[in-house]
Structure formats: structure tokens, C-alpha cells
file protein02.cif (mmCIF, C-alpha atoms and all ligand atoms)
data_start
loop_
_atom_site.label_atom_id
_atom_site.label_comp_id
_atom_site.auth_asym_id
_atom_site.auth_seq_id
_atom_site.Cartn_x
_atom_site.Cartn_y
_atom_site.Cartn_z
CA MET A 1 59.55 90.45 108.95
CA ARG A 2 62.00 90.87 111.82
CA SER A 3 62.94 94.49 112.55
CA LEU A 4 64.56 96.38 115.44
CA ILE A 5 62.37 99.25 116.60
CA ASP A 6 63.07 99.05 120.31
CA THR A 7 65.53 96.91 122.26
CA VAL A 8 62.63 94.86 123.62
CA ASP A 9 62.19 93.41 120.13
CA PHE A 10 65.21 91.21 120.91
CA SER A 11 65.54 88.79 123.81
CA ILE A 12 68.44 89.08 126.25
CA GLU A 13 69.94 85.98 124.65
CA GLU A 14 69.81 87.65 121.25
CA LEU A 15 71.46 90.79 122.65
CA ASP A 16 74.17 88.63 124.26
CA ASP A 17 74.65 86.94 120.90
CA LEU A 18 75.07 90.29 119.14
CA ILE A 19 77.73 91.28 121.68
CA ARG A 20 79.51 87.95 121.14
CA VAL A 21 79.50 88.43 117.35
CA ALA A 22 80.65 92.07 117.69
CA CYS A 23 83.59 90.92 119.86
CA ASP A 24 84.47 88.31 117.23
CA ILE A 25 84.28 90.93 114.47
CA ALA A 26 86.64 93.15 116.51
CA ASP A 27 89.14 90.28 116.78
CA HIS A 28 88.74 88.79 113.27
CA PRO A 29 87.38 91.44 110.87
CA GLU A 30 88.64 89.50 107.83
CA LYS A 31 86.19 86.64 108.57
CA TYR A 32 83.28 89.04 107.94
CA ALA A 33 84.66 91.10 105.04
CA HIS A 34 82.41 89.43 102.44
CA ALA A 35 79.47 88.39 104.61
CA CYS A 36 77.10 90.84 102.86
CA ASP A 37 78.47 90.75 99.32
CA GLY A 38 75.72 91.86 96.92
CA LYS A 39 73.43 93.18 99.68
CA ILE A 40 72.19 96.78 99.88
CA LEU A 41 71.53 98.85 103.00
CA ALA A 42 69.40 101.99 102.61
CA THR A 43 69.99 104.70 105.20
CA LEU A 44 67.08 107.15 105.43
CA PHE A 45 67.94 110.03 107.72
CA PHE A 46 65.24 112.67 107.98
CA GLU A 47 67.01 114.29 110.92
CA PRO A 48 70.68 115.34 111.32
CA SER A 49 73.25 112.71 112.19
CA THR A 50 76.99 112.18 111.80
CA ARG A 51 77.83 109.11 113.83
CA THR A 52 74.78 106.98 113.44
CA ARG A 53 74.49 107.26 109.66
CA LEU A 54 78.22 106.93 109.02
CA SER A 55 78.40 104.07 111.46
CA PHE A 56 75.64 102.15 109.64
CA GLU A 57 77.28 102.83 106.32
CA ALA A 58 80.77 101.89 107.55
CA ALA A 59 79.25 98.73 109.07
CA MET A 60 77.67 97.63 105.77
CA LEU A 61 80.78 98.49 103.74
CA SER A 62 82.95 96.52 106.19
CA LEU A 63 80.68 93.52 105.57
CA GLY A 64 81.24 93.78 101.81
CA GLY A 65 77.76 95.22 101.12
CA ASN A 66 76.65 98.43 99.44
CA VAL A 67 74.82 101.51 100.69
CA ILE A 68 72.23 103.87 99.24
CA SER A 69 71.31 106.90 101.24
CA VAL A 70 68.96 109.79 101.91
CA SER A 71 70.73 112.17 104.23
CA SER A 72 68.12 114.85 104.86
CA ALA A 73 64.36 115.29 104.74
CA GLY A 74 64.78 118.19 102.31
CA ALA A 75 66.53 115.91 99.81
CA SER A 76 63.76 113.28 99.73
CA SER A 77 60.12 112.94 98.70
CA ALA A 78 59.21 113.58 102.34
CA ALA A 79 59.59 117.23 101.32
CA LYS A 80 56.80 116.63 98.78
CA GLY A 81 54.58 115.18 101.46
CA GLU A 82 55.22 111.45 100.94
CA SER A 83 54.16 109.32 103.89
CA VAL A 84 56.64 107.22 105.87
CA ALA A 85 54.73 104.06 104.85
CA ASP A 86 55.02 104.86 101.13
CA THR A 87 58.71 105.66 101.50
CA ALA A 88 59.23 102.31 103.28
CA LYS A 89 57.39 100.38 100.55
CA THR A 90 59.43 102.12 97.86
CA VAL A 91 62.77 101.53 99.54
CA SER A 92 61.84 97.85 99.99
CA CYS A 93 62.10 97.56 96.18
CA TYR A 94 65.67 98.87 96.14
CA ALA A 95 67.37 97.56 99.27
CA ASP A 96 67.65 94.42 101.43
CA ILE A 97 67.55 96.26 104.75
CA MET A 98 66.96 99.86 105.85
CA ALA A 99 67.91 102.10 108.76
CA MET A 100 65.63 105.06 109.39
CA ARG A 101 65.95 108.17 111.57
CA HIS A 102 62.93 110.43 111.77
CA PRO A 103 61.86 113.37 113.97
CA LEU A 104 58.40 111.90 114.60
CA GLU A 105 57.88 109.35 117.38
CA GLY A 106 56.67 106.01 116.06
CA ALA A 107 57.93 106.65 112.51
CA ALA A 108 60.21 103.61 112.37
CA LEU A 109 57.41 101.40 113.68
CA VAL A 110 55.12 102.65 110.92
CA ALA A 111 57.89 101.92 108.40
CA ALA A 112 58.36 98.39 109.77
CA HIS A 113 54.66 97.63 109.31
CA ALA A 114 54.76 98.84 105.70
CA ALA A 115 58.14 97.49 104.55
CA SER A 116 58.90 94.05 103.17
CA ILE A 117 62.53 94.24 104.34
CA PRO A 118 63.92 94.59 107.89
CA VAL A 119 63.75 98.11 109.33
CA ILE A 120 66.18 99.40 111.94
CA ASN A 121 65.11 102.34 114.06
CA ALA A 122 68.02 104.79 114.05
CA GLY A 123 66.10 107.20 116.33
CA ASP A 124 62.44 108.29 116.30
CA GLY A 125 62.05 111.74 117.80
CA GLY A 126 62.59 111.70 121.56
CA HIS A 127 61.24 108.15 121.80
CA CYS A 128 63.94 105.51 121.32
CA HIS A 129 67.26 104.74 119.72
CA PRO A 130 67.97 101.03 120.07
CA THR A 131 71.19 100.80 118.04
CA GLN A 132 72.82 103.38 120.31
CA THR A 133 71.80 101.03 123.11
CA LEU A 134 73.63 98.21 121.35
CA ALA A 135 76.75 100.39 121.35
CA ASP A 136 76.19 101.22 125.03
CA LEU A 137 75.68 97.59 126.08
CA TYR A 138 78.79 96.52 124.16
CA THR A 139 80.85 99.25 125.84
CA ILE A 140 79.57 98.43 129.32
CA TYR A 141 80.26 94.74 128.71
CA ARG A 142 83.80 95.41 127.41
CA GLU A 143 84.59 97.72 130.35
CA LYS A 144 82.96 95.75 133.16
CA GLY A 145 82.80 92.19 131.85
CA ARG A 146 79.13 92.01 132.83
CA LEU A 147 75.73 93.60 132.32
CA ASN A 148 74.36 92.63 135.76
CA ASN A 149 74.95 94.15 139.21
CA LEU A 150 75.77 97.70 138.19
CA THR A 151 74.81 101.15 139.45
CA VAL A 152 74.19 103.29 136.40
CA GLY A 153 73.80 107.08 136.59
CA PHE A 154 71.98 108.89 133.78
CA CYS A 155 72.69 112.60 133.77
CA GLY A 156 71.26 115.52 131.78
CA ASP A 157 68.24 115.56 129.50
CA LEU A 158 66.34 112.47 130.58
CA LYS A 159 63.10 113.80 129.11
CA TYR A 160 64.05 114.07 125.45
CA GLY A 161 67.15 111.87 125.47
CA ARG A 162 65.98 108.88 123.48
CA THR A 163 69.23 107.00 124.07
CA VAL A 164 68.46 107.12 127.81
CA HIS A 165 64.99 105.65 127.29
CA SER A 166 66.28 102.78 125.19
CA LEU A 167 69.18 101.95 127.50
CA ILE A 168 67.03 101.94 130.65
CA ASN A 169 64.59 99.69 128.83
CA ALA A 170 67.38 97.29 127.94
CA LEU A 171 68.94 97.33 131.44
CA SER A 172 65.56 96.60 133.01
CA ARG A 173 65.96 93.02 131.82
CA TYR A 174 69.24 92.41 133.63
CA THR A 175 69.51 91.67 137.36
CA GLY A 176 71.01 93.79 140.12
CA ILE A 177 70.78 97.06 138.20
CA LYS A 178 70.32 100.28 140.14
CA VAL A 179 69.51 103.39 138.14
CA VAL A 180 70.31 106.89 139.42
CA LEU A 181 68.40 109.57 137.50
CA ILE A 182 70.21 112.91 137.62
CA SER A 183 68.37 115.78 135.95
CA PRO A 184 66.74 119.14 136.53
CA GLU A 185 63.05 118.85 137.45
CA GLU A 186 61.98 120.03 133.97
CA LEU A 187 63.99 117.30 132.24
CA ARG A 188 62.87 114.31 134.30
CA LEU A 189 62.33 110.98 132.59
CA PRO A 190 58.90 110.83 130.86
CA GLU A 191 55.98 109.41 132.79
CA TYR A 192 55.68 106.34 130.56
CA MET A 193 59.24 105.28 131.44
CA PHE A 194 58.34 105.15 135.13
CA ALA A 195 55.00 103.44 134.57
CA GLU A 196 56.08 100.99 131.88
CA VAL A 197 59.66 100.25 132.81
CA LEU A 198 61.04 101.33 136.20
CA ASP A 199 57.94 100.74 138.34
CA LYS A 200 56.44 97.93 136.30
CA LYS A 201 59.67 95.90 136.32
CA GLY A 202 60.36 96.74 139.98
CA MET A 203 63.74 98.30 139.22
CA THR A 204 65.73 99.98 141.96
CA TYR A 205 66.10 103.67 141.18
CA GLU A 206 66.49 107.08 142.75
CA GLU A 207 66.10 110.60 141.40
CA THR A 208 68.33 113.52 142.25
CA THR A 209 69.41 116.87 140.88
CA ASP A 210 72.89 116.53 142.41
CA LEU A 211 75.53 114.88 140.20
CA VAL A 212 78.37 115.31 142.69
CA ALA A 213 76.42 113.67 145.52
CA ALA A 214 75.53 110.71 143.31
CA MET A 215 79.07 110.20 141.98
CA PRO A 216 80.66 107.87 144.60
CA GLU A 217 78.25 104.98 144.07
CA LEU A 218 78.29 104.93 140.26
CA ASP A 219 79.86 102.16 138.16
CA ILE A 220 78.68 103.80 134.94
CA LEU A 221 77.96 107.49 134.33
CA TYR A 222 75.92 108.10 131.17
CA MET A 223 76.14 111.81 130.30
CA THR A 224 73.74 113.33 127.75
CA ARG A 225 73.31 116.50 125.73
CA VAL A 226 70.32 118.76 126.40
CA GLN A 227 68.30 118.16 123.21
CA ARG A 228 67.86 121.70 121.89
CA GLU A 229 65.91 120.61 118.80
CA ARG A 230 63.10 119.10 120.90
CA PHE A 231 62.33 122.18 123.00
CA ALA A 232 59.20 124.09 122.07
CA ASP A 233 60.40 126.89 124.35
CA GLN A 234 63.95 128.05 123.46
CA GLU A 235 64.14 130.22 126.60
CA GLN A 236 63.72 127.08 128.67
CA TYR A 237 66.53 125.46 126.66
CA GLN A 238 68.84 128.43 127.33
CA ARG A 239 68.10 128.15 131.03
CA LEU A 240 68.70 124.40 131.21
CA LYS A 241 71.44 123.78 128.69
CA ASP A 242 74.35 124.03 131.11
CA SER A 243 72.71 122.17 133.98
CA TYR A 244 75.49 119.60 134.19
CA ILE A 245 79.07 119.98 133.07
CA LEU A 246 81.38 117.15 134.03
CA THR A 247 84.81 118.50 134.98
CA LEU A 248 87.84 116.66 136.41
CA ASP A 249 87.25 117.94 139.96
CA LYS A 250 83.79 116.35 140.00
CA LEU A 251 85.46 112.97 139.49
CA ASP A 252 87.42 113.28 142.78
CA THR A 253 84.96 111.06 144.61
CA ALA A 254 84.24 108.74 141.67
CA LYS A 255 85.23 105.08 141.63
CA ALA A 256 88.63 104.40 140.08
CA ASP A 257 86.99 102.09 137.54
CA LEU A 258 83.99 104.29 136.74
CA ALA A 259 83.14 104.14 133.02
CA ILE A 260 81.95 107.47 131.55
CA LEU A 261 79.70 107.06 128.53
CA HIS A 262 78.07 109.62 126.25
CA PRO A 263 76.20 108.85 123.01
CA LEU A 264 77.74 112.00 121.46
CA PRO A 265 77.63 114.62 120.05
CA ARG A 266 78.99 116.42 123.07
CA VAL A 267 78.24 120.10 123.33
CA ASN A 268 79.86 121.03 126.65
CA GLU A 269 78.58 118.36 129.06
CA ILE A 270 82.03 116.80 129.45
CA SER A 271 85.15 118.90 129.72
CA VAL A 272 87.73 117.91 127.07
CA ALA A 273 90.23 117.60 129.93
CA ILE A 274 88.48 114.32 130.81
CA ASP A 275 89.13 112.78 127.38
CA ASN A 276 92.55 111.47 128.43
CA ASP A 277 91.29 110.05 131.73
CA PRO A 278 91.16 106.23 131.54
CA ARG A 279 87.54 106.41 132.71
CA ALA A 280 86.45 108.23 129.53
CA CYS A 281 84.86 105.59 127.27
CA TYR A 282 82.83 107.67 124.84
CA PHE A 283 85.09 107.30 121.84
CA LYS A 284 85.44 103.56 122.42
CA GLN A 285 81.64 103.57 122.44
CA VAL A 286 81.68 104.97 118.88
CA LEU A 287 83.72 102.00 117.65
CA GLY A 288 81.40 99.65 119.56
CA GLY A 289 78.50 101.21 117.66
CA LYS A 290 79.95 100.19 114.31
CA LEU A 291 80.76 96.65 115.46
CA MET A 292 77.29 96.12 116.95
CA ARG A 293 75.61 97.50 113.81
CA MET A 294 77.63 94.97 111.79
CA ALA A 295 76.40 92.18 114.04
CA LEU A 296 72.84 93.51 113.82
CA ILE A 297 72.80 93.73 110.01
CA LEU A 298 74.08 90.13 109.81
CA LYS A 299 71.39 88.93 112.21
CA LEU A 300 68.47 90.73 110.56
CA LEU A 301 69.47 89.61 107.07
CA GLU A 302 69.78 86.04 108.32
CA ASP A 303 66.37 86.20 110.06
CA ALA A 304 64.81 87.73 106.93
CA LYS A 305 65.57 84.54 104.99
CA ASN A 306 63.17 82.56 107.17
CA ASP A 307 60.57 85.04 108.28
CA TYR A 308 57.81 86.51 106.17
CA GLN A 309 55.36 87.31 108.93
CA SER A 310 54.20 90.82 109.59
CA PHE A 311 56.17 92.72 112.19
CA ARG A 312 55.15 92.56 115.89
CA VAL A 313 51.86 90.80 116.26
CA VAL A 314 50.62 92.63 119.37
CA ASP A 315 47.84 91.14 121.47
CA GLY A 316 44.96 93.41 122.36
CA LEU A 317 45.83 96.13 119.86
CA ILE A 318 42.71 98.22 119.52
CA HIS A 319 41.39 101.01 117.43
CA LYS A 320 39.41 103.01 119.94
CA ASP A 321 37.50 106.08 118.96
CA THR A 322 37.16 106.94 122.62
CA LYS A 323 40.94 107.29 123.12
CA THR A 324 43.27 110.03 121.90
CA CYS A 325 47.03 110.34 121.64
CA ARG A 326 47.90 113.90 122.66
CA ASN A 327 51.59 113.69 121.83
CA GLY A 328 52.11 116.35 119.15
CA ARG A 329 55.42 114.70 118.21
CA CYS A 330 53.73 111.34 117.46
CA ILE A 331 53.50 110.29 113.83
CA CYS A 332 49.77 109.55 114.23
CA GLN A 333 49.20 113.27 114.89
CA VAL A 334 50.94 114.35 111.72
CA GLU A 335 50.16 111.73 109.06
CA GLN A 336 46.42 111.61 108.41
CA GLU A 337 46.32 108.04 107.09
CA ILE A 338 47.75 106.40 110.19
CA GLU A 339 45.29 104.43 112.23
CA HIS A 340 45.05 105.56 115.83
CA LEU A 341 45.85 102.36 117.70
CA PHE A 342 46.06 101.85 121.44
CA VAL A 343 47.24 99.07 123.74
CA GLN A 344 45.98 98.56 127.26
CA THR A 345 49.10 98.26 129.42
CA ASP A 346 47.45 98.30 132.85
CA ALA A 347 44.02 96.69 133.14
CA GLU A 348 43.60 97.47 136.85
CA ASN A 349 43.93 101.22 136.33
CA ASP A 350 42.56 101.13 132.77
CA VAL A 351 45.69 102.67 131.27
CA TRP A 352 45.91 102.74 127.47
CA ARG A 353 48.90 103.83 125.45
CA CYS A 354 49.38 104.95 121.90
CA TYR A 355 50.81 101.97 120.01
CA TRP A 356 53.16 104.21 118.00
CA CYS A 357 54.73 106.51 120.62
CA GLU A 358 53.74 104.86 123.96
CA THR A 359 52.34 108.07 125.42
CA GLN A 360 49.41 107.49 127.76
CA ALA A 361 46.15 107.96 125.88
CA GLU A 362 43.43 110.25 127.15
C1 LIG B 1 72.17 110.66 120.07
C2 LIG B 1 70.86 110.79 119.31
O1 LIG B 1 70.86 111.00 118.09
O2 LIG B 1 69.85 110.64 119.96
N1 LIG B 1 73.30 110.63 119.23
C3 LIG B 1 73.67 109.49 118.60
O3 LIG B 1 72.90 108.77 118.02
N2 LIG B 1 74.95 109.14 118.69
C4 LIG B 1 72.30 111.64 121.16
C5 LIG B 1 72.16 113.09 120.86
O4 LIG B 1 71.89 113.51 119.74
O5 LIG B 1 72.35 113.86 121.82
#

call {"tool": "encode", "arguments": {"input": "protein02.cif", "output": "C-alpha cells"}}
result
Amino acid sequence: MRSLIDTVDFSIEELDDLIRVACDIADHPEKYAHACDGKILATLFFEPSTRTRLSFEAAMLSLGGNVISVSSAGASSAAKGESVADTAKTVSCYADIMAMRHPLEGAALVAAHAASIPVINAGDGGHCHPTQTLADLYTIYREKGRLNNLTVGFCGDLKYGRTVHSLINALSRYTGIKVVLISPEELRLPEYMFAEVLDKKGMTYEETTDLVAAMPELDILYMTRVQRERFADQEQYQRLKDSYILTLDKLDTAKADLAILHPLPRVNEISVAIDNDPRACYFKQVLGGKLMRMALILKLLEDAKNDYQSFRVVDGLIHKDTKTCRNGRCICQVEQEIEHLFVQTDAENDVWRCYWCETQAE
């Protein structure tokens, strides 16, 4: 069964197709108003969300479908200790498609293996968030008319910011992309993103702590919130939370056609004075998120008609007693029944990664 767990589950052509459909929906919403009549979307949100859950629900309702919803872990059987796999099997009996957000990394992938309906990852811990990436790609495309040949700055919490991980992953498949990573040392991009994406794909990138110095060369500036809920050490959060605040004066040296994106919610990373600047695109991005989720629901329901295979047949997937995933936020560390599976991603250096959360195994 086709699911979307990470952007790499779709080819570039499929992503381009989603953007094309989303543009058509924006221009002719009436054509799609009954496309999902009689279909049910389940939204399972075990972690707070405003935009993502409402955007999925608005998307399904705009397609003529219906929505059933769990909006917090406390309100579901997860609070009684039900596993993600059992929840996914249960929901498969009620709905035609589900969107899941969960604090544990790899949770949506576990759900996709258990479910008999398409699963959409609406954010798994600090790991990935592919439907935000769909919104981001749509916005970049609408603003720039292309997804190639761009210098993209990512600023803020690059360690825990799952939207950053998913977008860099997606951009790695386009040509002429330069990535500028702007963060404090403590919030650098995780090691697996360098090993598995930036270095492996030979992307051009640089790292800096200086937003103002990086500004002049950027076509896109992707601001992010410091992810308070993922810090084990709240003192560290307090120290880092105001590392970057974008104010109008910092845009003095920016390109006139810079596009400023932010997945939202904003805490104080972007001064509200910037909201009326034509370069501010973050609220347009919200609308793009709904349109792309409409296109995605249509695609996955269409694919589900023809595809009964199990999700992601991965070559070389191995249960190895000699390897351990040490990521305490990984679902395999928390749910006892989950098989510890590893994939070798670099034979030369004998690097193995946890199949669920991608952290390097020890
Ligand atoms: C992001 C998320 O949930 O990761 N928000 C969103 O989906 N729009 C970013 C964030 O919470 O900072």
C-alpha cells in the first residue's frame, strides 16, 4: 500500500505532478469539490498541532470527503498503552486514509507497515514532516517559478526541526541547489543528514552561525522555531531560544525577491513588522499546505485502488542482534514489540542505520 512517510517515497515527477494538481485546485476548486465523496480521512494527532491537522481536515472536506479525528494522545487508547501498529490496524477498519502525527521517530513508518490503508506522516518526532515539505515546495515554486538553481538558507533549530530535514531531503533531488545552514553549534543539523543527504548526494552547502552575513546570497530564507518540546535540558533551550530573530533591518542586504518561509507556529523568530513586506511568504505557505494535501489525498486514494503490496520493500533490511539503535526518541526504544531492524547505508565504512529513525546504529 502506497504511503507518504518521507518525501523520498515519491519521485520528483510525482512531486511535480502534485504541484501541478495543487495549482489546478487553486484555479478551479469546483472541479474537485466532490472528488472524495463518501471517503473518510482519519487524523490521528498524538502531539499538538493547529495548522497541520486543520489543514488535512479542511483538505478532505474541500474534496467532499469526511473526517474522523483523534486530537491528542490523552484522548485515545494510546493513553491505555495501545501500540501504534494496533491503532493503525484499527483505524484501517474505519477510514480510507489516515494522517498521523506522533512524538516518536519512526511511528508513522510503523503505522504504514501495519495499516491496510495509506498512511501520511504528519510529523514523527524530530525526524521528518513530508507534507510540510509539500507546502514548502509549492510555495517556492509559486514564488520563483522553479525548484532548481536556488540558494536556500535554513535558520534556527536545524537539529530538531523536522521540516528542515524533510525539505533538505527533497531539495537534494533538484539541480543547482546550494544550502546555507545557519544555526548555533548546539543546534546543527543531525549527523545522519550530512552522511545520508548532503555529503552522499554531493550537495553544495556551507555552515555558519551568522544570519546577516549569509543574507545577501539567499533566494529563500527558511526560518524555524527552536523546538522547546524536544529539549531534554530546558536550561539549554532558554539559552538558545532567541538565537535568531529576523527584523526588518536584517533584510537591508537581502535580495529584493527573497522569499521568507516559516512552517509556523512562529514564536518570535520573525518580527511581525515583516509580515507586510512582499518577501514574507509564510501565510501563503499555509494555503499551499492545504492545496498540496488535497492533491496528496487524491493521489494516495487513486494509488490505493491498484496497489495491495506491503509498504516499502527495502533491500538488505536486516535484524541484527549485534546492532543497537541508541536514539531514545525512536519508536523501537519505546514499544517492546517492534523488531529492531537496520539497513546498511555505507558498505565501505560499514555504516548501519536504524530502519525506523535513521540514526546510525552502534
Ligand atoms: C512544524 C512542525 O510541526 O514540525 N509546524 C507545522 O507543521 N506547521 C514546525 C514547528 O512546530 O515548529

call {"tool": "closest_atom_pairs", "arguments": {"input": "protein02.cif", "of": "chain A", "to": "ligand LIG 1 (chain B)", "cutoff": "9 Å", "atoms": "all atoms listed in the file", "output": "JSON lines"}}
result
{"residue": "A:Glu47", "atom": "CA", "partner": "B:LIG1", "partner_atom": "O1", "distance": 8.8}
{"residue": "A:Pro48", "atom": "CA", "partner": "B:LIG1", "partner_atom": "O1", "distance": 8.0}
{"residue": "A:Ser49", "atom": "CA", "partner": "B:LIG1", "partner_atom": "O1", "distance": 6.6}
{"residue": "A:Thr50", "atom": "CA", "partner": "B:LIG1", "partner_atom": "N2", "distance": 7.8}
{"residue": "A:Arg51", "atom": "CA", "partner": "B:LIG1", "partner_atom": "N2", "distance": 5.6}
{"residue": "A:Thr52", "atom": "CA", "partner": "B:LIG1", "partner_atom": "O3", "distance": 5.3}
{"residue": "A:Arg53", "atom": "CA", "partner": "B:LIG1", "partner_atom": "O3", "distance": 8.6}
{"residue": "A:Arg101", "atom": "CA", "partner": "B:LIG1", "partner_atom": "O1", "distance": 8.6}
{"residue": "A:Ala122", "atom": "CA", "partner": "B:LIG1", "partner_atom": "O3", "distance": 7.4}
{"residue": "A:Gly123", "atom": "CA", "partner": "B:LIG1", "partner_atom": "O2", "distance": 6.3}
{"residue": "A:Asp124", "atom": "CA", "partner": "B:LIG1", "partner_atom": "O2", "distance": 8.6}
{"residue": "A:Gly125", "atom": "CA", "partner": "B:LIG1", "partner_atom": "O2", "distance": 8.2}
{"residue": "A:Gly126", "atom": "CA", "partner": "B:LIG1", "partner_atom": "O2", "distance": 7.5}
{"residue": "A:Cys128", "atom": "CA", "partner": "B:LIG1", "partner_atom": "O2", "distance": 7.9}
{"residue": "A:His129", "atom": "CA", "partner": "B:LIG1", "partner_atom": "O2", "distance": 6.4}
{"residue": "A:Thr131", "atom": "CA", "partner": "B:LIG1", "partner_atom": "O3", "distance": 8.2}
{"residue": "A:Gln132", "atom": "CA", "partner": "B:LIG1", "partner_atom": "O3", "distance": 5.9}
{"residue": "A:Asp157", "atom": "CA", "partner": "B:LIG1", "partner_atom": "O5", "distance": 8.9}
{"residue": "A:Tyr160", "atom": "CA", "partner": "B:LIG1", "partner_atom": "O2", "distance": 8.7}
{"residue": "A:Gly161", "atom": "CA", "partner": "B:LIG1", "partner_atom": "O2", "distance": 6.3}
{"residue": "A:Arg162", "atom": "CA", "partner": "B:LIG1", "partner_atom": "O2", "distance": 5.5}
{"residue": "A:Thr163", "atom": "CA", "partner": "B:LIG1", "partner_atom": "O2", "distance": 5.5}
{"residue": "A:Val164", "atom": "CA", "partner": "B:LIG1", "partner_atom": "O2", "distance": 8.7}
{"residue": "A:Thr224", "atom": "CA", "partner": "B:LIG1", "partner_atom": "O5", "distance": 6.1}
{"residue": "A:Arg225", "atom": "CA", "partner": "B:LIG1", "partner_atom": "O5", "distance": 4.8}
{"residue": "A:Val226", "atom": "CA", "partner": "B:LIG1", "partner_atom": "O5", "distance": 7.0}
{"residue": "A:Gln227", "atom": "CA", "partner": "B:LIG1", "partner_atom": "O5", "distance": 6.1}
{"residue": "A:His262", "atom": "CA", "partner": "B:LIG1", "partner_atom": "C4", "distance": 8.0}
{"residue": "A:Pro263", "atom": "CA", "partner": "B:LIG1", "partner_atom": "N2", "distance": 4.5}
{"residue": "A:Leu264", "atom": "CA", "partner": "B:LIG1", "partner_atom": "N2", "distance": 4.9}
{"residue": "A:Pro265", "atom": "CA", "partner": "B:LIG1", "partner_atom": "O5", "distance": 5.6}
{"residue": "A:Arg266", "atom": "CA", "partner": "B:LIG1", "partner_atom": "O5", "distance": 7.2}
{"residue": "A:Val267", "atom": "CA", "partner": "B:LIG1", "partner_atom": "O5", "distance": 8.7}
{"residue": "A:Val286", "atom": "CA", "partner": "B:LIG1", "partner_atom": "N2", "distance": 7.9}
{"residue": "A:Gly289", "atom": "CA", "partner": "B:LIG1", "partner_atom": "N2", "distance": 8.7}

call {"tool": "closest_residue", "arguments": {"input": "protein02.cif", "among": "A:Gly202, A:Trp356, A:Ile177, A:Arg146", "to": "Ala111 in chain A", "atoms": "all atoms listed in the file"}}
result
A:Trp356

call {"tool": "atom_distance", "arguments": {"input": "protein02.cif", "atom1": "CA of Leu4 in chain A", "atom2": "CA of Leu198 in chain A"}}
result
21.6 Å

call {"tool": "atom_distance", "arguments": {"input": "protein02.cif", "atom1": "CA of Ser3 in chain A", "atom2": "CA of Val84 in chain A"}}
result
15.7 Å

call {"tool": "closest_residue", "arguments": {"input": "protein02.cif", "among": "A:Asp27, A:Glu206, A:Asp199, A:Glu339", "to": "Asp321 in chain A", "atoms": "only C-alpha atoms"}}
result
A:Glu339

call {"tool": "residues_around", "arguments": {"input": "protein02.cif", "residues": "Ile318 in chain A", "least_positions_apart": "3", "cutoff": "9 Å", "atoms": "only C-alpha atoms", "output": "ChimeraX atom specification"}}
result
/A:315,340-344,355

call {"tool": "write_last_selection", "arguments": {"input": "protein02.cif", "atoms": "C-alpha atoms", "output": "mmCIF file, in the frame of the given file"}}
result
data_model
loop_
_atom_site.group_PDB
_atom_site.id
_atom_site.type_symbol
_atom_site.label_atom_id
_atom_site.label_comp_id
_atom_site.auth_asym_id
_atom_site.auth_seq_id
_atom_site.Cartn_x
_atom_site.Cartn_y
_atom_site.Cartn_z
ATOM 1 C CA ASP A 315 47.840 91.140 121.470
ATOM 2 C CA HIS A 340 45.050 105.560 115.830
ATOM 3 C CA LEU A 341 45.850 102.360 117.700
ATOM 4 C CA PHE A 342 46.060 101.850 121.440
ATOM 5 C CA VAL A 343 47.240 99.070 123.740
ATOM 6 C CA GLN A 344 45.980 98.560 127.260
ATOM 7 C CA TYR A 355 50.810 101.970 120.010
#

call {"tool": "closest_residue", "arguments": {"input": "protein02.cif", "among": "A:Met292, A:Ile331, A:Ala214, A:Ile297", "to": "Val21 in chain A", "atoms": "all atoms listed in the file"}}
result
A:Met292

call {"tool": "closest_residue", "arguments": {"input": "protein02.cif", "among": "A:His102, A:His165, A:Lys178, A:Lys144", "to": "Glu196 in chain A", "atoms": "all atoms listed in the file"}}
result
A:His165

call {"tool": "atom_distance", "arguments": {"input": "protein02.cif", "atom1": "CA of Asp350 in chain A", "atom2": "CA of Glu362 in chain A"}}
result
10.7 Å

call {"tool": "closest_residue", "arguments": {"input": "protein02.cif", "among": "A:Leu291, A:Val212, A:Lys201, A:Val334", "to": "Ala58 in chain A", "atoms": "only C-alpha atoms"}}
result
A:Leu291

call {"tool": "closest_residue", "arguments": {"input": "protein02.cif", "among": "A:Tyr244, A:Phe45, A:Phe154, A:Tyr32", "to": "Met60 in chain A", "atoms": "only C-alpha atoms"}}
result
A:Tyr32

call {"tool": "decode", "arguments": {"input": "protein02.cif", "residues": "range 329-341 of chain A", "atoms": "N, CA and C atoms", "output": "short mmCIF file (atom, residue, chain, number, x, y, z; two decimals), in the first residue's frame"}}
result
data_model
loop_
_atom_site.label_atom_id
_atom_site.label_comp_id
_atom_site.auth_asym_id
_atom_site.auth_seq_id
_atom_site.Cartn_x
_atom_site.Cartn_y
_atom_site.Cartn_z
N ARG A 329 14.46 8.64 21.35
CA ARG A 329 13.19 9.14 20.81
C ARG A 329 12.66 8.24 19.70
N CYS A 330 13.35 7.12 19.44
CA CYS A 330 12.92 6.20 18.37
C CYS A 330 11.84 5.27 18.90
N ILE A 331 10.86 4.97 18.05
CA ILE A 331 9.76 4.12 18.49
C ILE A 331 10.24 2.73 18.91
N CYS A 332 11.35 2.26 18.32
CA CYS A 332 11.82 0.90 18.66
C CYS A 332 12.37 0.84 20.08
N GLN A 333 12.66 2.01 20.67
CA GLN A 333 13.16 2.05 22.05
C GLN A 333 12.01 2.04 23.05
N VAL A 334 10.83 2.37 22.58
CA VAL A 334 9.71 2.58 23.50
C VAL A 334 8.70 1.44 23.40
N GLU A 335 8.41 0.97 22.19
CA GLU A 335 7.44 -0.13 22.04
C GLU A 335 8.18 -1.45 21.95
N GLN A 336 7.93 -2.30 22.94
CA GLN A 336 8.69 -3.56 23.08
C GLN A 336 8.56 -4.49 21.87
N GLU A 337 7.39 -4.48 21.22
CA GLU A 337 7.12 -5.48 20.18
C GLU A 337 7.82 -5.17 18.86
N ILE A 338 8.34 -3.97 18.73
CA ILE A 338 8.89 -3.59 17.42
C ILE A 338 10.24 -4.24 17.18
N GLU A 339 10.34 -4.86 16.00
CA GLU A 339 11.59 -5.52 15.65
C GLU A 339 12.68 -4.46 15.45
N HIS A 340 13.86 -4.75 15.93
CA HIS A 340 14.97 -3.82 15.73
C HIS A 340 15.59 -4.14 14.37
N LEU A 341 15.33 -3.27 13.41
CA LEU A 341 15.78 -3.52 12.03
C LEU A 341 16.81 -2.47 11.63
#
